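A quick write-up on the structure given underneath.
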Amino acid sequence: MNDLFQRHTGIAAPFMHDNVDTDTIIPSREMRSGTKSGMSDGLFADWRYTNRQSRELNPEFVLNQEAFRDASILLTGRNFGCGSSREHAVWALREFGFRCFIGHSFSSIFAHNCVRNGILTVRLGAAQLQQLVSRAVDPLQSNQLTVNLETQQITVDDQIIQFDYPQRLRGLLLSGLDPIRYTQRLQNELDAWRENDMKVRPWLYGYGK
Amino acid sequence: METLFEKLWRTHEICQLSDDEFLVNVDRVFLHERTGSIALKGLAEKQIPIMTPESVFCTMDHIVSTRFGRTDATELIGGKEAIQATRAAAKTAGITLFDLGSRDQGIVHVVSPELGIALPGTTVVCPDSHTCTVGGVGALGWGVGSSDAEHAMATNSLPVVKPKTMNAVFTGETKDGVAAKDMVLKLISQVGARGGLGYVIEYSGPAVQSLGIEGRMTLCNMAVEMSAFSGIVGVDEHTIDYVAERRYAPTGEQWEQAVSYWRTLHSNENAQFDESVEIDCNDLEPYVTWGTNPQQAIPINEKVPDPEELTDPAERELAVRSLTYMGLNPGQQLSEIPIDVAFIGSCTNSRISDLRAVAEVLAGRKVAPGVKAICVPGSTAVRLAAEAEGIHEVIRSAGFEWREAGCSLCFFAGGESFGEGKRVISSTNRNFEGRQGPNVRTHLASPIIVALSACRGYISGS
């Protein structure tokens with residue numbers, strides 16, 4: 001899987017509920033694989049299917065509707081991705097096709113997991129978000145938009161919305177650099193810190209022996 | 001004038017990465033078979049070694065069956081393979097595994113302080129959101145995803161955005177029958193499901209000081225239900241007594257060194273917090289949830305609220321949806337709601353002090369006809385301690401099923417559920433839709449309330 005994110009154009013689907021937890025994104029019984037793949041079938045299982053066994057689709061659910069079936073951007077409410085730290089939620093979303101979430105706020109563990117999987121989380125104010133939602137549900141307008149991390153801009157037709165994003169994480173997403181490799185470049189700092197810590201906290205390193 | 005958090009942070013900060021992001025040392029990593037095995041596999045695939053395998057531990061709790069006579073087999077599809085893959089990966093990686101059949105096996109957040117792996121003043125991460133539980137012993141623990149767990153194992157560090165500090169002060173004294181669970185449910189109902197976002201919450205005040213260490217773990221455990229980075233409690237003599245002679249705790253001269261450092265691990269007088277909230281415990285009643293988020297909690301003698309009275313449209317929408325899912329009506333008395341199941345267990349409330357409180361309630365009582373009641377100790381050590389004390393006999397003869405340690409029915413672990421639409425009073429941490437199985441309706445409460453309700457057949461405080 002590619003962990004880069006530079007720029008993405010896609011359909012935005014509104015999912016403006018608050019406190020959407022990761023059990024809702026993928027229930028634990030749907031996490032059937034011991035790997036990072038094979039999760040998308042269980043995505044939003046309790047909302048998406050009227051019958052969990054036969055996988056009969058619930059026509060009310062936004063991602064089952066014609067206009068949003070191919071959505072790759074999700075517009076979200078407050079505290080999206082709260083609860084369990086299961087990265088399975090992000091793997092399921094990515095496998096389903098999502099590359100970007102635009103919302104009020106995100107749980108911090110969820111937002112971290114997104115960065116690790118090449119997904120962008122953009123925080124917007126209520127008014128700007130509402131504007132994107134109104135547009136997405138208006139059948140007379142296009143529900144496509146472009147998110148550009150290089151310029152930190154969301155483009156809808158000729159309108160541009162500027163957004164903030166932490167600069168170091170932006171660099172990681174733009175370059176696709178593995179965060180472990182990033183930290184390993186600081187090996188000297190890590191070693192020096194540890195050498196000192198073994199003097200300051202020798203009790204940490206004995207493991208009861 | 002430092003807060004406890006600032007002291008913990010200062011000890012672990014390696015370097016600054018950007019404006020508010022720092023590289024922080026991770027002292028201990030804990031894994032379980034659900035998410036940890038994937039992290040071990042990820043590192044192996046990238047051929048990245050674990051920096052110090054002696055600081056990495058793994059347990060089996062999330063998928064394993066909790067029935068006596070258990071093997072690797074579970075009802076969960078792919079469960080057996082996950083258990084066996086974890087065992088193989090742990091062996092290859094050279095980390096310590098608390099496997100099925102071990103006296104040390106149990107729920108990660110129960111085992112980690114119990115064995116002295118999470119110590120005061122340490123940082124602990126686990127690919128599990130309830131890692132904040134270890135704040136009860138003055139450790140800073142936080143949940144991460146599997147990829148971050150890989151990072152922590154590879155480098156003994158993690159990039160962290162420095163959280164702000166919130167002081168949750170619990171004043172006064174709780175009445176008999178009011179537990180740590182009630183204190184934290186009250187707090188969550190007050191600050192909300194995202195009230196802790198961007199904060200580390202320190203629980204303080206006389207009502208916290210008079211709690212045992214296990215009660216403090218219950219408080220810290222639910223910090224994540226407010227979306228907080230973590231929850232912590234300052235170290236006192238109770239903490240040091242609790243840690244003494246734990247298996248992985250320091251010994252001899254190192255113990256003395258550690259203790260003199262640990263005694264500094266509390267917020268200084270007049271330390272400044274970014275946010276503060278006060279809860280008066282003198283008139284605190286047991287709390288029970290009525291909805292599908294832990295913030296939807298009310299005192300047990302109150303009525304299910306009316307969504308129409310909520311001013312925030314999003315909260316109203318959530319409340320309507322919650323009531324529909326829960327099959328409840330506004331204005332219904334909690335005590336008039338019949339239950340199908342009573343469940344005691346989970347990293348929130350399954351320690352020996354919880355089980356002692358339950359046994360006290362159940363002595364000479366019986367579970368109401370038609371109620372299924374299950375008690376799952378948090379660790380094998382807790383189970384053995386309860387069996388040595390004879391508590392399990394009290395719990396069993398009241399009509400509860402007694403089990404092996406694990407996460408169990410808190411979230412469908414082991415592939416078990418209670419059945420469609422069943423109503424559960426549960427000592428666990430999450431009442432999310434579908435958490436305990438498809439359409440299962442969960443009411444969160446303290447173990448005492450779960451036991452009382454089991455006997456009456458209705459949500460009950462007496």
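Convention: chains lettered A, B, ... in structure tokens order; per-chain residue numbering from 1; ligands numbered from 1 as shown.
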
Per-residue nearest contacts of chain A to chain B (8 Å; only C-alpha atoms) as CSV:
residue,atom,partner,partner_atom,distance
A:His17,CA,B:Ala314,CA,7.2
A:Asp18,CA,B:Ala314,CA,6.8
A:Asn19,CA,B:Ala193,CA,7.0
A:Asp21,CA,B:Phe432,CA,7.6
A:Asp23,CA,B:Arg435,CA,6.4
A:Thr24,CA,B:Glu433,CA,7.1
A:Pro27,CA,B:Arg435,CA,6.9
A:Ser28,CA,B:Phe412,CA,6.8
A:Arg29,CA,B:Phe412,CA,6.5
A:Arg32,CA,B:Gly78,CA,5.4
A:Ser33,CA,B:Gly78,CA,6.2
A:Gly34,CA,B:Ala82,CA,5.6
A:Thr35,CA,B:Ile38,CA,6.1
A:Lys36,CA,B:Ile38,CA,7.5
A:Asp46,CA,B:Gly434,CA,7.2
A:Asn79,CA,B:Arg194,CA,6.2
A:Cys82,CA,B:Ser227,CA,6.5
A:Gly83,CA,B:Glu225,CA,6.5
A:Ser84,CA,B:Ser129,CA,5.2
A:Ser85,CA,B:Ser129,CA,4.9
A:Arg86,CA,B:Gly145,CA,5.9
A:Glu87,CA,B:Gly145,CA,5.1
A:Ser107,CA,B:Ser227,CA,6.4
A:Ser108,CA,B:Phe229,CA,7.6
A:Ile109,CA,B:Val144,CA,5.9
A:Phe110,CA,B:Gly145,CA,7.9
A:His112,CA,B:Gly145,CA,7.8
A:Asn113,CA,B:Gly145,CA,5.9
A:Arg116,CA,B:Ser147,CA,6.6
A:Gln167,CA,B:Ser18,CA,7.5
A:Arg168,CA,B:Ser18,CA,6.5
A:Pro179,CA,B:His151,CA,7.4
A:Ile180,CA,B:His151,CA,5.4
A:Thr183,CA,B:Thr155,CA,7.3
A:Gln184,CA,B:Thr155,CA,7.0
A:Glu189,CA,B:Ile14,CA,7.1
A:Leu190,CA,B:Ile14,CA,7.0
A:Trp193,CA,B:Ile14,CA,6.3
A:Arg201,CA,B:Ala258,CA,7.4
A:Pro202,CA,B:Gln254,CA,6.8
A:Trp203,CA,B:Gln254,CA,4.8
A:Leu204,CA,B:Pro250,CA,7.3
A:Gly206,CA,B:Pro250,CA,6.3
A:Tyr207,CA,B:Tyr248,CA,4.7
A:Gly208,CA,B:Tyr248,CA,4.1
A:Lys209,CA,B:Thr251,CA,7.2

Exercise. Hey, what's within 9 Å of Val341 of chain B if we count only C-alpha atoms and toss same-chain stuff fewer than 4 positions away? As an NGL selection string, please?
Worked result: :B and (370-374 or 418 or 422-426 or 454 or 457)

For this session: Take atom CA of Leu177 of chain A and atom CA of Cys132 of chain B and report the distance between them in Å, one decimal.
Result: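 Going from atom CA of Leu177 of chain A over to atom CA of Cys132 of chain B, I get 29.2 Å.
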
Problem set entry | Selection near Val208 of chain B, 9 Å with only C-alpha atoms, sequence-local residues under 4 positions removed, as a PyMOL selection string | chain B and resi 169-171+180+203-204+212+215-216+219+233

Selection to disk with N, CA and C atoms, as a PDB file, in the first residue's frame:
ATOM      1  N   VAL B 169     -10.945  17.201  39.757  1.00  0.00           N
ATOM      2  CA  VAL B 169     -10.861  17.169  41.221  1.00  0.00           C
ATOM      3  C   VAL B 169     -12.132  16.557  41.797  1.00  0.00           C
ATOM      4  N   PHE B 170     -11.984  15.470  42.515  1.00  0.00           N
ATOM      5  CA  PHE B 170     -13.131  14.802  43.147  1.00  0.00           C
ATOM      6  C   PHE B 170     -13.097  15.123  44.638  1.00  0.00           C
ATOM      7  N   THR B 171     -13.997  16.011  45.048  1.00  0.00           N
ATOM      8  CA  THR B 171     -14.017  16.433  46.443  1.00  0.00           C
ATOM      9  C   THR B 171     -14.984  15.570  47.249  1.00  0.00           C
ATOM     10  N   ALA B 180     -15.608   3.788  42.063  1.00  0.00           N
ATOM     11  CA  ALA B 180     -14.804   4.560  41.110  1.00  0.00           C
ATOM     12  C   ALA B 180     -15.530   4.684  39.766  1.00  0.00           C
ATOM     13  N   TYR B 203      -6.622  12.791  37.724  1.00  0.00           N
ATOM     14  CA  TYR B 203      -7.695  12.629  38.708  1.00  0.00           C
ATOM     15  C   TYR B 203      -7.103  12.934  40.078  1.00  0.00           C
ATOM     16  N   SER B 204      -7.724  13.862  40.788  1.00  0.00           N
ATOM     17  CA  SER B 204      -7.151  14.254  42.078  1.00  0.00           C
ATOM     18  C   SER B 204      -8.256  14.536  43.084  1.00  0.00           C
ATOM     19  N   GLY B 212      -8.570   2.777  46.452  1.00  0.00           N
ATOM     20  CA  GLY B 212      -7.446   1.873  46.267  1.00  0.00           C
ATOM     21  C   GLY B 212      -6.861   2.049  44.875  1.00  0.00           C
ATOM     22  N   GLY B 215      -9.192   0.971  42.046  1.00  0.00           N
ATOM     23  CA  GLY B 215     -10.227   1.959  41.750  1.00  0.00           C
ATOM     24  C   GLY B 215      -9.654   3.097  40.898  1.00  0.00           C
ATOM     25  N   ARG B 216      -8.425   3.486  41.197  1.00  0.00           N
ATOM     26  CA  ARG B 216      -7.781   4.531  40.395  1.00  0.00           C
ATOM     27  C   ARG B 216      -7.589   4.065  38.957  1.00  0.00           C
ATOM     28  N   LEU B 219     -10.754   4.640  37.080  1.00  0.00           N
ATOM     29  CA  LEU B 219     -10.870   6.046  36.655  1.00  0.00           C
ATOM     30  C   LEU B 219     -10.050   6.286  35.391  1.00  0.00           C
ATOM     31  N   VAL B 233      -2.975   9.389  37.931  1.00  0.00           N
ATOM     32  CA  VAL B 233      -3.182   9.721  39.345  1.00  0.00           C
ATOM     33  C   VAL B 233      -1.801   9.821  39.985  1.00  0.00           C
TER      34      VAL B 233
END

For this session: Please identify which residues in segment 9-202 of chain A DSSP calls strand (DSSP E or B) from the backbone, and express them as a VMD selection string.
Result: chain A and resid 9 to 15 21 49 to 51 56 to 57 73 to 76 80 82 100 to 103 106 120 to 123 144 to 148 153 to 156 159 to 162

Using the selection just defined, write its residues with N, CA and C atoms as a compact mmCIF listing (two decimals), in the first residue's frame.
# COMPACT_ATOMS: atom_id res chain seq x y z
N THR A 9 -8.43 13.87 -5.99
CA THR A 9 -9.72 14.36 -6.45
C THR A 9 -10.73 13.22 -6.33
N GLY A 10 -11.86 13.50 -5.73
CA GLY A 10 -12.85 12.43 -5.60
C GLY A 10 -14.19 12.95 -5.14
N ILE A 11 -15.12 12.02 -5.00
CA ILE A 11 -16.48 12.36 -4.55
C ILE A 11 -16.49 12.45 -3.03
N ALA A 12 -17.11 13.50 -2.51
CA ALA A 12 -17.22 13.67 -1.06
C ALA A 12 -18.60 13.27 -0.58
N ALA A 13 -18.65 12.36 0.39
CA ALA A 13 -19.93 11.90 0.96
C ALA A 13 -20.10 12.50 2.35
N PRO A 14 -21.31 12.99 2.66
CA PRO A 14 -21.54 13.54 4.00
C PRO A 14 -21.87 12.45 5.01
N PHE A 15 -21.19 12.48 6.13
CA PHE A 15 -21.46 11.52 7.21
C PHE A 15 -21.29 12.30 8.51
N ASP A 21 -17.59 6.04 16.55
CA ASP A 21 -16.53 5.25 17.15
C ASP A 21 -16.01 4.20 16.18
N TYR A 49 -25.44 -2.69 6.18
CA TYR A 49 -26.22 -3.86 5.79
C TYR A 49 -27.50 -3.95 6.63
N THR A 50 -28.61 -4.32 5.98
CA THR A 50 -29.82 -4.58 6.76
C THR A 50 -29.76 -6.00 7.29
N ASN A 51 -29.06 -6.85 6.57
CA ASN A 51 -28.87 -8.23 7.04
C ASN A 51 -27.38 -8.53 7.00
N GLU A 56 -27.19 -7.86 2.74
CA GLU A 56 -28.18 -7.06 2.02
C GLU A 56 -27.95 -5.59 2.36
N LEU A 57 -27.83 -4.75 1.34
CA LEU A 57 -27.47 -3.35 1.56
C LEU A 57 -28.64 -2.54 2.11
N ILE A 73 -13.82 10.57 -0.36
CA ILE A 73 -13.63 11.61 0.66
C ILE A 73 -14.87 11.57 1.56
N LEU A 74 -14.67 11.59 2.87
CA LEU A 74 -15.81 11.55 3.79
C LEU A 74 -15.83 12.85 4.59
N LEU A 75 -17.01 13.47 4.63
CA LEU A 75 -17.20 14.67 5.45
C LEU A 75 -17.74 14.21 6.80
N THR A 76 -17.07 14.55 7.86
CA THR A 76 -17.39 13.96 9.16
C THR A 76 -17.66 15.03 10.22
N PHE A 80 -14.52 12.27 15.21
CA PHE A 80 -14.64 11.08 14.36
C PHE A 80 -13.53 10.08 14.70
N CYS A 82 -13.45 7.92 17.38
CA CYS A 82 -13.14 7.77 18.81
C CYS A 82 -13.29 6.31 19.24
N CYS A 100 -9.31 10.58 2.15
CA CYS A 100 -9.31 11.84 2.88
C CYS A 100 -10.59 11.98 3.71
N PHE A 101 -10.41 12.49 4.94
CA PHE A 101 -11.56 12.83 5.79
C PHE A 101 -11.50 14.32 6.08
N ILE A 102 -12.62 14.97 5.89
CA ILE A 102 -12.70 16.40 6.18
C ILE A 102 -13.76 16.56 7.26
N GLY A 103 -13.36 17.04 8.43
CA GLY A 103 -14.32 17.09 9.52
C GLY A 103 -14.00 18.13 10.57
N PHE A 106 -11.03 15.02 15.04
CA PHE A 106 -10.77 13.58 14.95
C PHE A 106 -10.16 13.09 16.25
N LEU A 120 -5.36 11.49 4.58
CA LEU A 120 -5.30 12.85 5.10
C LEU A 120 -6.54 13.15 5.93
N THR A 121 -6.35 13.71 7.13
CA THR A 121 -7.49 14.22 7.91
C THR A 121 -7.38 15.75 7.94
N VAL A 122 -8.42 16.39 7.46
CA VAL A 122 -8.43 17.86 7.40
C VAL A 122 -9.49 18.38 8.37
N ARG A 123 -9.09 19.30 9.23
CA ARG A 123 -10.06 19.91 10.16
C ARG A 123 -10.51 21.25 9.60
N GLN A 144 -17.81 16.43 -6.43
CA GLN A 144 -16.37 16.18 -6.49
C GLN A 144 -15.62 17.35 -5.90
N LEU A 145 -14.52 17.05 -5.26
CA LEU A 145 -13.62 18.12 -4.85
C LEU A 145 -12.18 17.61 -4.89
N THR A 146 -11.25 18.56 -4.84
CA THR A 146 -9.84 18.22 -4.89
C THR A 146 -9.17 18.69 -3.61
N VAL A 147 -8.41 17.81 -3.02
CA VAL A 147 -7.65 18.17 -1.82
C VAL A 147 -6.17 18.10 -2.17
N ASN A 148 -5.49 19.21 -1.96
CA ASN A 148 -4.08 19.29 -2.33
C ASN A 148 -3.26 19.57 -1.07
N GLN A 153 -4.82 23.18 0.16
CA GLN A 153 -6.05 23.78 -0.35
C GLN A 153 -7.06 22.71 -0.75
N ILE A 154 -8.33 23.02 -0.48
CA ILE A 154 -9.43 22.23 -1.02
C ILE A 154 -10.04 23.06 -2.14
N THR A 155 -10.20 22.44 -3.31
CA THR A 155 -10.76 23.17 -4.44
C THR A 155 -12.10 22.58 -4.83
N VAL A 156 -13.10 23.44 -4.87
CA VAL A 156 -14.43 23.06 -5.34
C VAL A 156 -14.77 24.04 -6.45
N GLN A 159 -13.75 27.71 -6.32
CA GLN A 159 -13.58 28.16 -4.94
C GLN A 159 -12.46 27.40 -4.23
N ILE A 160 -11.68 28.15 -3.42
CA ILE A 160 -10.55 27.52 -2.73
C ILE A 160 -10.68 27.70 -1.23
N ILE A 161 -10.53 26.59 -0.50
CA ILE A 161 -10.53 26.65 0.97
C ILE A 161 -9.14 26.26 1.45
N GLN A 162 -8.51 27.16 2.19
CA GLN A 162 -7.17 26.89 2.73
C GLN A 162 -7.31 26.12 4.05

Problem set entry | Test item: residues at most 12 Å from Gly177 of chain B, only C-alpha atoms, excluding those fewer than 4 positions along its chain, as a count of residues only | 25

For this session: Report as JSON, numbers by chain: the residues of segment 213-418 of chain B with a DSSP assignment of alpha helix (DSSP H), based on the backbone of this structure.
Result: {"B": [213, 214, 215, 216, 217, 218, 219, 220, 221, 237, 238, 239, 240, 241, 242, 243, 252, 253, 254, 255, 256, 257, 258, 259, 260, 261, 262, 313, 314, 315, 316, 317, 318, 319, 320, 321, 322, 323, 324, 325, 326, 352, 353, 354, 355, 356, 357, 358, 359, 360, 361, 362, 380, 381, 382, 383, 384, 385, 386, 387, 388, 389, 391, 392, 393, 394, 395, 396, 397]}

Could you name the residues that touch Gln105 of chain B at 8 Å or less, counting only C-alpha atoms, but leaving out those on the same chain fewer than 6 positions away, as a PDB file with N, CA, C and O atoms, in the first residue's frame?
ATOM      1  N   THR B  59       0.322 -10.546  25.611  1.00  0.00           N
ATOM      2  CA  THR B  59      -0.607 -11.459  26.280  1.00  0.00           C
ATOM      3  C   THR B  59      -1.687 -11.907  25.298  1.00  0.00           C
ATOM      4  O   THR B  59      -1.804 -11.380  24.193  1.00  0.00           O
ATOM      5  N   MET B  60      -2.460 -12.889  25.719  1.00  0.00           N
ATOM      6  CA  MET B  60      -3.602 -13.370  24.927  1.00  0.00           C
ATOM      7  C   MET B  60      -4.860 -12.992  25.699  1.00  0.00           C
ATOM      8  O   MET B  60      -5.099 -13.522  26.793  1.00  0.00           O
ATOM      9  N   ASP B  61      -5.643 -12.081  25.157  1.00  0.00           N
ATOM     10  CA  ASP B  61      -6.853 -11.670  25.865  1.00  0.00           C
ATOM     11  C   ASP B  61      -8.022 -11.361  24.933  1.00  0.00           C
ATOM     12  O   ASP B  61      -9.171 -11.621  25.264  1.00  0.00           O
ATOM     13  N   PHE B  98       2.741 -13.996  27.612  1.00  0.00           N
ATOM     14  CA  PHE B  98       1.942 -14.631  28.659  1.00  0.00           C
ATOM     15  C   PHE B  98       0.828 -15.401  27.963  1.00  0.00           C
ATOM     16  O   PHE B  98      -0.236 -14.873  27.669  1.00  0.00           O
ATOM     17  N   ASP B  99       1.120 -16.651  27.703  1.00  0.00           N
ATOM     18  CA  ASP B  99       0.275 -17.466  26.830  1.00  0.00           C
ATOM     19  C   ASP B  99      -0.870 -18.116  27.616  1.00  0.00           C
ATOM     20  O   ASP B  99      -0.890 -18.099  28.840  1.00  0.00           O
ATOM     21  N   VAL B 111      -2.951  -7.173  33.656  1.00  0.00           N
ATOM     22  CA  VAL B 111      -1.677  -7.868  33.858  1.00  0.00           C
ATOM     23  C   VAL B 111      -0.520  -6.882  34.009  1.00  0.00           C
ATOM     24  O   VAL B 111       0.375  -7.089  34.839  1.00  0.00           O
ATOM     25  N   SER B 379      -7.642 -11.387  35.069  1.00  0.00           N
ATOM     26  CA  SER B 379      -6.399 -12.101  34.795  1.00  0.00           C
ATOM     27  C   SER B 379      -6.464 -13.453  35.474  1.00  0.00           C
ATOM     28  O   SER B 379      -7.293 -13.678  36.365  1.00  0.00           O
ATOM     29  N   THR B 380      -5.569 -14.343  35.050  1.00  0.00           N
ATOM     30  CA  THR B 380      -5.516 -15.655  35.689  1.00  0.00           C
ATOM     31  C   THR B 380      -5.131 -15.489  37.157  1.00  0.00           C
ATOM     32  O   THR B 380      -5.649 -16.197  38.025  1.00  0.00           O
ATOM     33  N   ALA B 381      -4.273 -14.519  37.445  1.00  0.00           N
ATOM     34  CA  ALA B 381      -3.887 -14.266  38.842  1.00  0.00           C
ATOM     35  C   ALA B 381      -5.098 -13.821  39.660  1.00  0.00           C
ATOM     36  O   ALA B 381      -5.262 -14.249  40.811  1.00  0.00           O
ATOM     37  N   ALA B 405      -9.816 -16.071  32.469  1.00  0.00           N
ATOM     38  CA  ALA B 405      -9.548 -14.652  32.244  1.00  0.00           C
ATOM     39  C   ALA B 405      -9.454 -14.276  30.762  1.00  0.00           C
ATOM     40  O   ALA B 405      -8.954 -15.044  29.943  1.00  0.00           O
TER      41      ALA B 405
END
